[in-house]
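J.: Input structure: coords.cif, which contains mmCIF, C-alpha atoms.
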data_target
loop_
_atom_site.label_atom_id
_atom_site.label_comp_id
_atom_site.auth_asym_id
_atom_site.auth_seq_id
_atom_site.Cartn_x
_atom_site.Cartn_y
_atom_site.Cartn_z
CA MET A 82 -59.87 101.82 -125.55
CA ARG A 83 -61.98 100.90 -122.56
CA HIS A 84 -65.50 101.47 -121.45
CA ARG A 85 -65.41 105.20 -120.96
CA PRO A 86 -68.36 107.58 -120.87
CA ALA A 87 -70.07 106.70 -124.11
CA GLY A 88 -69.90 109.03 -127.01
CA PRO A 89 -72.92 109.52 -129.17
CA PRO A 90 -74.76 106.26 -129.88
CA PRO A 91 -75.52 104.16 -131.82
CA LEU A 92 -72.18 102.32 -132.03
CA GLY A 93 -69.86 102.63 -129.03
CA ARG A 94 -66.10 102.26 -129.24
CA ARG A 95 -66.21 98.98 -127.33
CA ALA A 96 -68.71 97.51 -129.80
CA LEU A 97 -66.61 98.72 -132.71
CA LEU A 98 -63.44 97.13 -131.36
CA ARG A 99 -65.30 93.93 -130.60
CA GLY A 100 -66.43 93.87 -134.22
CA LEU A 101 -62.84 94.29 -135.38
CA ALA A 102 -61.63 91.42 -133.27
CA GLY A 103 -64.50 89.05 -133.95
CA ALA A 104 -65.47 86.15 -131.75
CA ALA A 105 -63.13 83.72 -130.04
CA THR A 106 -63.45 80.66 -127.84
CA LEU A 107 -61.58 80.50 -124.55
CA ALA A 108 -60.46 77.29 -122.87
CA ALA A 109 -60.62 77.37 -119.09
CA ALA A 110 -57.88 74.88 -118.32
CA GLY A 111 -54.76 74.96 -116.18
CA PRO A 112 -51.38 76.16 -117.48
CA ALA A 113 -50.46 72.85 -118.94
CA GLY A 114 -51.22 72.85 -122.59
CA CYS A 115 -48.08 71.38 -121.92
CA GLY A 116 -48.74 67.76 -122.34
CA THR A 117 -48.71 66.81 -125.99
CA ASP A 118 -45.66 68.22 -127.76
CA ARG A 119 -46.97 69.29 -131.14
CA ARG A 120 -43.63 70.69 -132.25
CA GLY A 121 -43.51 71.57 -135.88
CA ASP A 122 -47.23 72.33 -136.29
CA PRO A 123 -47.09 75.70 -138.10
CA GLY A 124 -50.80 76.25 -137.62
CA LEU A 125 -50.84 76.25 -133.81
CA VAL A 126 -49.51 78.36 -130.94
CA THR A 127 -50.31 77.65 -127.31
CA MET A 128 -50.66 80.25 -124.57
CA GLY A 129 -50.84 79.97 -120.78
CA SER A 130 -52.76 82.82 -119.15
CA ASN A 131 -53.47 84.00 -115.60
CA ARG A 132 -56.09 86.50 -116.77
CA ALA A 133 -59.05 84.61 -115.47
CA ASN A 134 -61.84 86.97 -114.48
CA PRO A 135 -64.64 87.41 -117.02
CA ALA A 136 -63.52 90.78 -118.40
CA GLN A 137 -59.91 89.60 -118.74
CA ARG A 138 -61.01 86.41 -120.49
CA GLU A 139 -63.11 88.37 -122.93
CA ALA A 140 -60.34 90.90 -123.57
CA VAL A 141 -57.70 88.21 -124.20
CA ALA A 142 -60.08 86.33 -126.50
CA GLU A 143 -60.82 89.43 -128.57
CA SER A 144 -57.14 90.27 -129.03
CA LEU A 145 -56.23 86.68 -129.92
CA ALA A 146 -59.09 86.45 -132.40
CA LEU A 147 -57.70 89.46 -134.24
CA TRP A 148 -54.26 87.85 -134.52
CA GLU A 149 -55.72 84.51 -135.59
CA ALA A 150 -57.62 86.26 -138.38
CA ASP A 151 -54.50 88.11 -139.53
CA SER A 152 -52.04 85.21 -139.25
CA GLY A 153 -54.12 82.17 -140.06
CA VAL A 154 -52.63 80.46 -137.00
CA ARG A 155 -54.81 79.06 -134.25
CA VAL A 156 -54.15 79.87 -130.57
CA GLU A 157 -54.87 77.20 -127.98
CA LEU A 158 -55.45 79.15 -124.77
CA ASN A 159 -55.06 77.59 -121.33
CA THR A 160 -56.40 79.85 -118.57
CA ILE A 161 -56.09 79.31 -114.82
CA ASP A 162 -56.83 81.56 -111.84
CA SER A 163 -54.04 83.98 -111.03
CA THR A 164 -53.11 82.59 -107.60
CA SER A 165 -52.80 78.97 -108.80
CA PHE A 166 -50.91 80.11 -111.90
CA GLN A 167 -48.46 82.10 -109.78
CA GLU A 168 -47.85 79.24 -107.36
CA SER A 169 -47.22 76.68 -110.11
CA LEU A 170 -45.33 78.81 -112.64
CA ASN A 171 -41.77 77.66 -111.86
CA ASN A 172 -42.66 73.98 -112.16
CA TYR A 173 -44.79 74.71 -115.22
CA LEU A 174 -41.94 76.47 -117.03
CA GLN A 175 -39.56 73.62 -116.21
CA GLY A 176 -41.96 71.08 -117.73
CA THR A 177 -43.53 71.44 -121.19
CA PRO A 178 -44.96 74.94 -121.03
CA ASP A 179 -47.05 76.76 -123.58
CA ASP A 180 -45.27 78.80 -126.25
CA VAL A 181 -46.48 82.16 -124.88
CA VAL A 182 -47.03 82.90 -121.20
CA ALA A 183 -48.82 85.83 -119.53
CA TRP A 184 -46.87 87.20 -116.56
CA PHE A 185 -45.60 90.21 -114.60
CA ALA A 186 -42.74 92.59 -115.30
CA GLY A 187 -40.04 93.35 -112.73
CA TYR A 188 -38.14 91.06 -110.38
CA ARG A 189 -40.42 88.07 -110.92
CA MET A 190 -39.73 88.14 -114.66
CA ARG A 191 -35.98 88.67 -114.17
CA TYR A 192 -35.93 85.71 -111.79
CA LEU A 193 -37.23 83.51 -114.62
CA ALA A 194 -34.84 85.02 -117.17
CA GLU A 195 -31.82 84.33 -114.94
CA ARG A 196 -32.79 80.66 -114.82
CA GLY A 197 -33.26 80.33 -118.57
CA LEU A 198 -36.96 79.55 -118.23
CA ILE A 199 -38.04 82.25 -120.69
CA SER A 200 -36.60 83.43 -123.99
CA ASP A 201 -34.85 86.63 -124.97
CA ALA A 202 -37.42 88.81 -126.79
CA THR A 203 -34.93 91.27 -128.30
CA ALA A 204 -35.88 90.29 -131.85
CA VAL A 205 -39.55 91.02 -131.15
CA TRP A 206 -38.75 94.44 -129.68
CA GLU A 207 -36.52 95.37 -132.61
CA GLU A 208 -38.89 94.13 -135.30
CA ARG A 209 -41.89 95.94 -133.79
CA GLY A 210 -40.00 99.12 -132.81
CA PHE A 211 -41.01 98.73 -129.17
CA HIS A 212 -37.99 100.68 -127.90
CA ASP A 213 -39.69 103.79 -129.31
CA VAL A 214 -43.21 103.20 -127.98
CA PHE A 215 -42.57 102.16 -124.37
CA THR A 216 -40.99 104.45 -121.78
CA ASP A 217 -37.52 103.78 -120.40
CA GLN A 218 -39.07 102.82 -117.05
CA VAL A 219 -41.35 100.25 -118.66
CA ARG A 220 -38.52 98.91 -120.83
CA ASP A 221 -36.29 98.48 -117.78
CA LEU A 222 -39.05 96.60 -115.94
CA CYS A 223 -39.34 94.24 -118.92
CA SER A 224 -35.58 93.59 -119.13
CA GLY A 225 -33.51 90.83 -117.58
CA PRO A 226 -30.27 91.17 -115.61
CA ASP A 227 -28.42 91.20 -118.96
CA GLY A 228 -30.34 94.31 -120.08
CA ARG A 229 -32.21 92.45 -122.81
CA PRO A 230 -36.02 92.49 -123.00
CA TYR A 231 -37.77 89.28 -121.98
CA MET A 232 -41.34 90.52 -121.93
CA VAL A 233 -43.66 92.55 -124.12
CA PRO A 234 -45.85 94.77 -121.88
CA ASP A 235 -49.48 95.34 -122.74
CA SER A 236 -51.21 96.88 -119.72
CA THR A 237 -50.92 98.16 -116.19
CA SER A 238 -53.24 98.26 -113.17
CA PRO A 239 -51.90 100.97 -110.82
CA TRP A 240 -52.60 101.34 -107.10
CA ALA A 241 -54.14 104.37 -105.40
CA VAL A 242 -56.57 105.24 -102.61
CA PHE A 243 -60.03 104.85 -104.12
CA TYR A 244 -63.28 106.40 -102.94
CA ARG A 245 -66.81 107.14 -104.10
CA ARG A 246 -67.18 110.73 -105.21
CA SER A 247 -70.78 110.85 -104.00
CA VAL A 248 -69.68 109.89 -100.46
CA PHE A 249 -67.05 112.63 -100.39
CA GLU A 250 -69.52 115.18 -101.73
CA GLU A 251 -72.20 114.19 -99.22
CA HIS A 252 -69.87 114.72 -96.25
CA GLY A 253 -67.77 117.54 -97.63
CA TYR A 254 -64.54 115.51 -97.60
CA GLU A 255 -61.46 116.63 -99.51
CA GLU A 256 -58.63 114.53 -100.85
CA PRO A 257 -55.70 114.51 -98.41
CA SER A 258 -52.13 115.00 -99.58
CA THR A 259 -50.22 114.63 -96.29
CA LYS A 260 -50.18 112.15 -93.43
CA GLU A 261 -51.81 114.70 -91.11
CA GLU A 262 -54.62 115.39 -93.58
CA PHE A 263 -55.10 111.66 -94.16
CA ILE A 264 -55.42 110.87 -90.46
CA GLY A 265 -57.73 113.85 -90.00
CA LEU A 266 -59.96 112.57 -92.80
CA CYS A 267 -60.00 109.07 -91.27
CA GLU A 268 -61.09 110.56 -87.93
CA ARG A 269 -63.90 112.52 -89.59
CA MET A 270 -65.11 109.43 -91.42
CA ARG A 271 -65.15 107.42 -88.21
CA ASP A 272 -67.12 110.16 -86.48
CA ASP A 273 -69.58 110.12 -89.38
CA GLY A 274 -70.22 106.40 -88.93
CA LEU A 275 -68.10 105.19 -91.84
CA VAL A 276 -65.27 102.67 -91.80
CA PRO A 277 -62.43 104.92 -93.00
CA LEU A 278 -60.43 102.21 -94.80
CA ALA A 279 -61.95 99.05 -96.25
CA TYR A 280 -59.60 96.16 -95.56
CA GLY A 281 -59.58 92.44 -96.35
CA VAL A 282 -56.39 90.37 -96.36
CA ARG A 283 -57.60 86.80 -95.98
CA GLU A 284 -55.63 85.93 -99.13
CA GLY A 285 -52.45 87.32 -97.54
CA TRP A 286 -51.03 89.25 -100.47
CA PRO A 287 -53.27 92.37 -100.19
CA ALA A 288 -51.41 93.37 -97.00
CA MET A 289 -48.26 93.78 -99.09
CA GLY A 290 -49.76 96.90 -100.66
CA THR A 291 -49.96 98.67 -97.31
CA PHE A 292 -46.35 97.85 -96.46
CA ASP A 293 -45.17 98.92 -99.91
CA HIS A 294 -46.85 102.32 -99.81
CA LEU A 295 -45.70 103.14 -96.30
CA ASN A 296 -42.14 102.07 -97.08
CA LEU A 297 -42.13 104.12 -100.29
CA ARG A 298 -43.40 107.20 -98.47
CA LEU A 299 -41.10 106.86 -95.45
CA ASN A 300 -37.92 105.49 -97.03
CA GLY A 301 -38.18 106.15 -100.77
CA PRO A 302 -38.10 103.86 -103.82
CA GLU A 303 -34.36 103.21 -103.80
CA PHE A 304 -34.43 101.84 -100.27
CA HIS A 305 -37.68 99.97 -100.93
CA LEU A 306 -36.39 98.10 -103.97
CA ALA A 307 -33.03 97.40 -102.36
CA LEU A 308 -34.79 96.04 -99.29
CA LEU A 309 -36.86 93.68 -101.43
CA ASN A 310 -33.67 92.66 -103.25
CA GLY A 311 -32.15 91.54 -99.94
CA ASP A 312 -29.67 94.41 -99.69
CA HIS A 313 -30.90 95.95 -96.41
CA PRO A 314 -31.69 94.37 -93.04
CA TRP A 315 -35.33 93.89 -92.14
CA ASP A 316 -34.69 94.53 -88.45
CA GLY A 317 -33.30 98.03 -89.00
CA PRO A 318 -34.91 101.30 -87.90
CA GLU A 319 -36.29 102.03 -91.37
CA VAL A 320 -38.45 98.91 -91.49
CA LYS A 321 -39.51 99.27 -87.86
CA ALA A 322 -40.69 102.79 -88.71
CA VAL A 323 -42.89 101.37 -91.46
CA PHE A 324 -44.58 98.94 -89.10
CA GLY A 325 -44.91 101.72 -86.53
CA ALA A 326 -46.73 103.94 -89.03
CA TRP A 327 -48.95 101.03 -90.03
CA LYS A 328 -49.80 100.38 -86.38
CA GLU A 329 -50.88 104.02 -86.07
CA LEU A 330 -53.26 103.59 -89.02
CA LEU A 331 -54.72 100.24 -87.96
CA PRO A 332 -57.59 101.72 -85.87
CA PHE A 333 -58.94 103.26 -89.08
CA HIS A 334 -58.94 99.94 -90.95
CA GLN A 335 -61.89 97.61 -91.19
CA GLY A 336 -61.76 95.22 -88.23
CA SER A 337 -60.85 91.52 -88.42
CA PRO A 338 -59.15 91.85 -91.83
CA LEU A 339 -57.67 88.33 -91.72
CA GLY A 340 -61.17 86.90 -91.90
CA ARG A 341 -62.26 89.06 -94.83
CA GLY A 342 -61.32 88.60 -98.47
CA ILE A 343 -60.32 91.51 -100.67
CA ASN A 344 -63.52 91.24 -102.71
CA GLU A 345 -65.59 91.57 -99.53
CA ALA A 346 -63.63 94.68 -98.57
CA GLN A 347 -64.16 96.14 -102.03
CA THR A 348 -67.89 95.52 -101.68
CA SER A 349 -67.85 97.67 -98.52
CA LEU A 350 -66.67 100.55 -100.67
CA VAL A 351 -69.29 99.85 -103.33
CA ARG A 352 -72.05 99.96 -100.69
CA GLY A 353 -70.80 103.18 -99.15
CA GLU A 354 -70.03 101.49 -95.83
CA ALA A 355 -66.34 102.34 -96.11
CA GLY A 356 -64.97 105.70 -97.14
CA MET A 357 -61.72 104.68 -98.86
CA MET A 358 -59.65 101.70 -99.94
CA LEU A 359 -55.98 101.36 -100.87
CA CYS A 360 -56.15 99.00 -103.83
CA GLY A 361 -55.21 98.38 -107.42
CA LEU A 362 -57.36 99.45 -110.34
CA PHE A 363 -58.65 95.87 -110.42
CA LEU A 364 -61.12 97.14 -107.81
CA THR A 365 -63.22 98.35 -110.76
CA HIS A 366 -64.36 94.77 -111.38
CA VAL A 367 -66.72 94.89 -108.40
CA PHE A 368 -68.38 98.11 -109.61
CA SER A 369 -71.06 98.09 -112.26
CA GLU A 370 -70.31 100.14 -115.34
CA GLU A 371 -72.70 102.85 -114.10
CA GLU A 372 -71.16 102.88 -110.62
CA ARG A 373 -67.64 103.36 -112.01
CA ALA A 374 -68.58 106.91 -112.94
CA ASP A 375 -68.76 107.60 -109.19
CA LEU A 376 -65.29 106.17 -108.51
CA ASP A 377 -62.35 108.49 -107.88
CA CYS A 378 -58.91 108.22 -106.31
CA PHE A 379 -55.85 110.02 -104.98
CA ALA A 380 -52.23 109.05 -104.53
CA PHE A 381 -51.30 107.53 -101.17
CA PRO A 382 -50.38 110.65 -99.14
CA GLU A 383 -46.97 112.05 -98.33
CA PHE A 384 -45.53 110.98 -94.97
CA ASP A 385 -42.18 112.76 -95.26
CA PRO A 386 -41.80 116.03 -97.23
CA GLU A 387 -38.26 115.05 -98.21
CA ILE A 388 -39.50 111.80 -99.74
CA GLY A 389 -42.74 113.07 -101.28
CA ALA A 390 -45.56 111.08 -102.82
CA ASP A 391 -44.53 110.82 -106.46
CA VAL A 392 -43.74 107.09 -106.62
CA VAL A 393 -46.57 104.98 -108.03
CA GLU A 394 -47.09 101.28 -107.53
CA THR A 395 -47.75 100.38 -111.16
CA PRO A 396 -47.76 96.64 -111.82
CA ILE A 397 -46.98 96.00 -115.49
CA ASP A 398 -48.48 92.91 -117.13
CA GLY A 399 -47.37 91.39 -120.38
CA PHE A 400 -46.37 88.28 -122.29
CA MET A 401 -43.23 86.17 -122.43
CA LEU A 402 -41.88 83.45 -124.71
CA SER A 403 -41.23 80.18 -122.91
CA GLY A 404 -37.67 78.86 -122.87
CA ASP A 405 -38.15 76.60 -125.91
CA PRO A 406 -41.34 77.42 -127.83
CA ARG A 407 -42.67 74.63 -130.04
CA ASN A 408 -43.62 77.12 -132.74
CA PRO A 409 -41.07 79.91 -132.19
CA GLY A 410 -41.80 81.98 -135.30
CA ALA A 411 -45.53 82.21 -134.70
CA ALA A 412 -45.02 82.63 -130.94
CA MET A 413 -42.75 85.63 -131.52
CA ASP A 414 -45.27 87.14 -133.91
CA LEU A 415 -48.10 86.65 -131.40
CA VAL A 416 -46.13 88.25 -128.55
CA GLY A 417 -45.30 91.13 -130.84
CA HIS A 418 -48.96 91.57 -131.77
CA LEU A 419 -49.98 91.71 -128.09
CA GLY A 420 -47.75 94.74 -127.55
CA THR A 421 -49.06 96.72 -130.50
CA LEU A 422 -51.26 99.78 -130.19
CA ARG A 423 -54.09 97.97 -131.97
CA ALA A 424 -54.03 95.04 -129.55
CA GLN A 425 -53.75 97.25 -126.47
CA GLU A 426 -56.70 99.35 -127.54
CA ILE A 427 -58.80 96.22 -127.97
CA TYR A 428 -57.72 94.77 -124.63
CA THR A 429 -58.13 97.93 -122.55
CA ALA A 430 -61.51 98.66 -124.16
CA ILE A 431 -62.89 95.59 -122.42
CA ASP A 432 -60.92 95.11 -119.20
CA PRO A 433 -61.77 97.99 -116.83
CA GLN A 434 -58.70 97.42 -114.66
CA ALA A 435 -56.24 97.75 -117.53
CA LEU A 436 -54.55 100.90 -118.78
CA PRO A 437 -52.32 100.84 -121.87
CA THR A 438 -48.53 100.94 -121.70
CA HIS A 439 -48.11 102.00 -125.35
CA GLN A 440 -47.08 105.67 -125.50
CA GLU A 441 -49.08 106.28 -128.68
CA ALA A 442 -52.35 105.13 -127.12
CA ASP A 443 -55.19 107.60 -127.62
CA LEU A 444 -55.95 108.94 -124.14
CA SER A 445 -58.52 111.50 -125.26
CA GLU A 446 -61.45 109.22 -124.45
CA LEU A 447 -60.23 108.08 -121.04
CA SER A 448 -62.65 108.29 -118.16
CA ALA A 449 -61.88 110.98 -115.59
CA LEU A 450 -60.60 108.29 -113.22
CA ASP A 451 -58.28 106.72 -115.78
CA ALA A 452 -56.98 110.08 -116.95
CA LYS A 453 -56.16 110.99 -113.35
CA ILE A 454 -54.25 107.76 -112.85
CA MET A 455 -52.37 108.15 -116.13
CA ASP A 456 -51.32 111.64 -114.99
CA MET A 457 -50.05 110.13 -111.74
CA ILE A 458 -47.97 107.64 -113.71
CA ALA A 459 -46.65 110.30 -116.09
CA GLY A 460 -45.57 112.48 -113.16
CA ALA A 461 -43.95 109.69 -111.18
CA ARG A 462 -40.23 109.79 -110.54
CA ALA A 463 -40.24 106.01 -110.10
CA LEU A 464 -42.55 103.09 -110.72
CA THR A 465 -42.64 100.00 -108.54
CA GLN A 466 -44.46 96.76 -109.23
CA TYR A 467 -45.70 95.19 -106.01
CA MET A 468 -43.95 93.31 -103.22
CA ASP A 469 -44.65 89.87 -104.68
CA ARG A 470 -43.36 91.10 -108.06
CA ASP A 471 -40.36 93.07 -106.73
CA THR A 472 -38.76 90.30 -104.68
CA ARG A 473 -38.00 86.60 -104.79
CA PRO A 474 -41.14 84.44 -104.96
CA ASP A 475 -40.01 82.24 -102.07
CA PHE A 476 -39.38 85.27 -99.85
CA ALA A 477 -42.71 86.88 -100.77
CA SER A 478 -44.88 83.84 -100.19
CA VAL A 479 -43.00 81.86 -97.54
CA VAL A 480 -41.79 84.75 -95.37
CA MET A 481 -43.67 87.97 -95.98
CA ILE A 482 -47.28 86.81 -96.22
CA PRO A 483 -47.13 85.02 -92.82
CA ALA A 484 -45.13 87.92 -91.35
CA LEU A 485 -47.67 90.55 -92.40
CA GLN A 486 -50.52 88.39 -91.12
CA ARG A 487 -48.65 88.00 -87.83
CA PHE A 488 -48.31 91.78 -87.61
CA LEU A 489 -52.05 92.25 -88.08
CA ARG A 490 -52.70 89.78 -85.26
CA ARG A 491 -50.04 91.23 -82.93
CA PRO A 492 -49.13 94.79 -83.97
CA ASP A 493 -47.20 95.44 -80.73
CA ASP A 494 -44.66 92.73 -81.58
CA ILE A 495 -42.60 94.77 -84.06
CA ASP A 496 -39.12 94.02 -82.70
CA ASP A 497 -39.61 90.25 -82.63
CA LEU A 498 -41.40 90.35 -85.97
CA THR A 499 -38.64 92.22 -87.80
CA ALA A 500 -35.96 90.02 -86.21
CA SER A 501 -37.79 86.94 -87.49
CA ILE A 502 -38.09 88.38 -91.00
CA GLN A 503 -34.39 89.22 -91.00
CA ARG A 504 -33.35 85.70 -90.00
CA GLN A 505 -35.43 84.19 -92.77
CA LYS A 506 -34.32 86.79 -95.29
CA ALA A 507 -30.65 86.01 -94.56
CA SER A 508 -31.33 82.31 -95.07
CA ILE A 509 -33.03 82.87 -98.43
CA PHE A 510 -30.84 85.63 -99.88
CA GLY A 511 -27.59 84.46 -98.28
CA ARG A 512 -26.88 87.92 -96.87
#
For this file, produce the structure as structure tokens.
T.:
Amino acid sequence: MRHRPAGPPPLGRRALLRGLAGAATLAAAGPAGCGTDRRGDPGLVTMGSNRANPAQREAVAESLALWEADSGVRVELNTIDSTSFQESLNNYLQGTPDDVVAWFAGYRMRYLAERGLISDATAVWEERGFHDVFTDQVRDLCSGPDGRPYMVPDSTSPWAVFYRRSVFEEHGYEEPSTKEEFIGLCERMRDDGLVPLAYGVREGWPAMGTFDHLNLRLNGPEFHLALLNGDHPWDGPEVKAVFGAWKELLPFHQGSPLGRGINEAQTSLVRGEAGMMLCGLFLTHVFSEEERADLDCFAFPEFDPEIGADVVETPIDGFMLSGDPRNPGAAMDLVGHLGTLRAQEIYTAIDPQALPTHQEADLSELSALDAKIMDMIAGARALTQYMDRDTRPDFASVVMIPALQRFLRRPDDIDDLTASIQRQKASIFGR
């Protein structure tokens, strides 16, 4: 399913799956295959994709090649970097979008469904029996406000606190499970000459992960999701407590985070300069395949015993049908294929950040790291996506990214900061 510790040579699982899928050519264009309307061409389906790093490109190409071989239909793939794709998606979907679109589950998908920019995928789910192979939590995250599915999920890239096992073994560190243990570990790391927490938020969005985890641990998932839905005030004591806890942890973070990109912070962990990093599984892309064997993780610690630490930030990725596909029959078949066990095994065999969402996926060959994360997901009482997936896109990008950057510049300014967020939130949500 993915590059795990190799079994006996000579032919590894990844090579075998690559042979099944065959070769494919990937076009590195923007999400605008959108241009010429080739409606009625039964031999062509177009797809817009935000899966742009090399492993993702290869994984998408392998899965599409398999479907092309089975269906006899060609896929024209238009790939653009994730940030640009995300910023242009609304306009793209209102123009002449591709038939199939890669995207995120949760609020951001529901937002598109409410506006009629994507198609109901109920027929795909029923034909493929997806109600039986995806958990209720995953199904809910892929459903619109009307309860109907609008996305077929194929993978997830959960968040955790990552570290190098060799660094922990060298210093005798143990995984913390509580706030007190976490702070104690950070203090030990600092005394040992390590940066306790690698941190780079030049892009803005990585800071959302810190807020999310602290809010989930201090206030719980129900409050967290309601807050991001505009149902709670941002200048209340609950949110101020989150920023207060973050301020307490800031001395353990890598300095000058606004001038450092997330990839640079990840490299600090690779080099053993930093002891830990709160990040998504996409962090694996900066580790070589050999180095990944040294990578381990633990759940972000408990801050309140009554709240616990059993909520996992588990962004679900998948594929949607645009609002009016030019080749609807083939587009539905392609989306259905991408959710199958066969397709997920091919995709997750290549992309190291991706774990399968299909319940029948063979987990016996998972790496120790992946197995640990899958156990965290299985034991979670709730799954969240990520701030910029769990709230309105205009609130996430226009309000929260600048607000979190402001906090990192002036962490003593919590009252004014939360009052400013609340004013803007009221303007956007109307409440």
J.: Compare A:Gly317, A:Gly325, A:Gly153, A:Gly356 by their minimum atom-to-atom distance to A:Tyr244, counting all atoms listed in the file, and give me the closest one.
T.: A:Gly356
J.: Tell me which residues the PyMOL selection byres ((chain A and resi 313) around 12) grabs here, as a PyMOL selection string.
T.: chain A and resi 300+303-312+314-320+502-503+506-507+510+512
J.: Just C-alpha atoms for this one: save the residues we selected as a PDB file, in the frame of the given file.
T.:
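Produced file selection31.pdb, reproduced below:
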ATOM      1  CA  ASN A 300     -37.920 105.490 -97.030  1.00  0.00           C
ATOM      2  CA  GLU A 303     -34.360 103.210-103.800  1.00  0.00           C
ATOM      3  CA  PHE A 304     -34.430 101.840-100.270  1.00  0.00           C
ATOM      4  CA  HIS A 305     -37.680  99.970-100.930  1.00  0.00           C
ATOM      5  CA  LEU A 306     -36.390  98.100-103.970  1.00  0.00           C
ATOM      6  CA  ALA A 307     -33.030  97.400-102.360  1.00  0.00           C
ATOM      7  CA  LEU A 308     -34.790  96.040 -99.290  1.00  0.00           C
ATOM      8  CA  LEU A 309     -36.860  93.680-101.430  1.00  0.00           C
ATOM      9  CA  ASN A 310     -33.670  92.660-103.250  1.00  0.00           C
ATOM     10  CA  GLY A 311     -32.150  91.540 -99.940  1.00  0.00           C
ATOM     11  CA  ASP A 312     -29.670  94.410 -99.690  1.00  0.00           C
ATOM     12  CA  PRO A 314     -31.690  94.370 -93.040  1.00  0.00           C
ATOM     13  CA  TRP A 315     -35.330  93.890 -92.140  1.00  0.00           C
ATOM     14  CA  ASP A 316     -34.690  94.530 -88.450  1.00  0.00           C
ATOM     15  CA  GLY A 317     -33.300  98.030 -89.000  1.00  0.00           C
ATOM     16  CA  PRO A 318     -34.910 101.300 -87.900  1.00  0.00           C
ATOM     17  CA  GLU A 319     -36.290 102.030 -91.370  1.00  0.00           C
ATOM     18  CA  VAL A 320     -38.450  98.910 -91.490  1.00  0.00           C
ATOM     19  CA  ILE A 502     -38.090  88.380 -91.000  1.00  0.00           C
ATOM     20  CA  GLN A 503     -34.390  89.220 -91.000  1.00  0.00           C
ATOM     21  CA  LYS A 506     -34.320  86.790 -95.290  1.00  0.00           C
ATOM     22  CA  ALA A 507     -30.650  86.010 -94.560  1.00  0.00           C
ATOM     23  CA  PHE A 510     -30.840  85.630 -99.880  1.00  0.00           C
ATOM     24  CA  ARG A 512     -26.880  87.920 -96.870  1.00  0.00           C
TER      25      ARG A 512
END
J.: Report the distance between atom CA of A:Asp398 and atom CA of A:Arg462 in Å, rounded to one decimal place.
T.: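 We find that atom CA of A:Asp398 and atom CA of A:Arg462 lie 19.9 Å from each other.
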J.: How many Å lie between atom CA of A:Ala484 and atom CA of A:Gly389, rounded to one decimal?
T.: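 Between atom CA of A:Ala484 and atom CA of A:Gly389 the gap works out to 27.1 Å.
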J.: Which of these, A:Lys321, A:Ile458, A:Pro277, A:Thr291, has the shortest distance to A:Ile495 once you count only C-alpha atoms?
T.: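 Residue with the minimum atom-to-atom distance to A:Ile495: A:Lys321.
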J.: Report the closest atom pair, with its distance in Å rounded to one decimal, for each residue of stretch 189-229 of chain A that has an atom no farther than 12 Å from stretch 431-447 of chain A; count only C-alpha atoms, sort by chain and then rising residue number, and write it as JSON lines.
T.:
{"residue": "A:Gly210", "atom": "CA", "partner": "A:His439", "partner_atom": "CA", "distance": 11.4}
{"residue": "A:Phe211", "atom": "CA", "partner": "A:His439", "partner_atom": "CA", "distance": 8.7}
{"residue": "A:His212", "atom": "CA", "partner": "A:His439", "partner_atom": "CA", "distance": 10.5}
{"residue": "A:Asp213", "atom": "CA", "partner": "A:Gln440", "partner_atom": "CA", "distance": 8.5}
{"residue": "A:Val214", "atom": "CA", "partner": "A:Gln440", "partner_atom": "CA", "distance": 5.2}
{"residue": "A:Phe215", "atom": "CA", "partner": "A:His439", "partner_atom": "CA", "distance": 5.6}
{"residue": "A:Thr216", "atom": "CA", "partner": "A:Gln440", "partner_atom": "CA", "distance": 7.2}
{"residue": "A:Asp217", "atom": "CA", "partner": "A:Gln440", "partner_atom": "CA", "distance": 11.0}
{"residue": "A:Gln218", "atom": "CA", "partner": "A:Thr438", "partner_atom": "CA", "distance": 10.7}
{"residue": "A:Val219", "atom": "CA", "partner": "A:Thr438", "partner_atom": "CA", "distance": 7.8}
{"residue": "A:Arg220", "atom": "CA", "partner": "A:Thr438", "partner_atom": "CA", "distance": 10.3}
{"residue": "A:Leu222", "atom": "CA", "partner": "A:Thr438", "partner_atom": "CA", "distance": 11.9}
{"residue": "A:Cys223", "atom": "CA", "partner": "A:Thr438", "partner_atom": "CA", "distance": 11.7}
J.: Between A:Asp375, A:Glu354, A:Asp122, A:Asp293, which is the closest to A:Asp273 once you count all atoms listed in the file?
T.: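 Using all atoms listed in the file, A:Asp273 sits closest to A:Glu354.
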J.: Could you state which residues are captured by the PyMOL selection byres ((chain A and resi 418-427) around 10) in this file, as a PyMOL selection string?
T.: chain A and resi 82-83+94-95+97-99+101-102+140-141+143-145+147-148+205-206+209-211+214-215+232-236+399-400+412-417+428-432+435-443
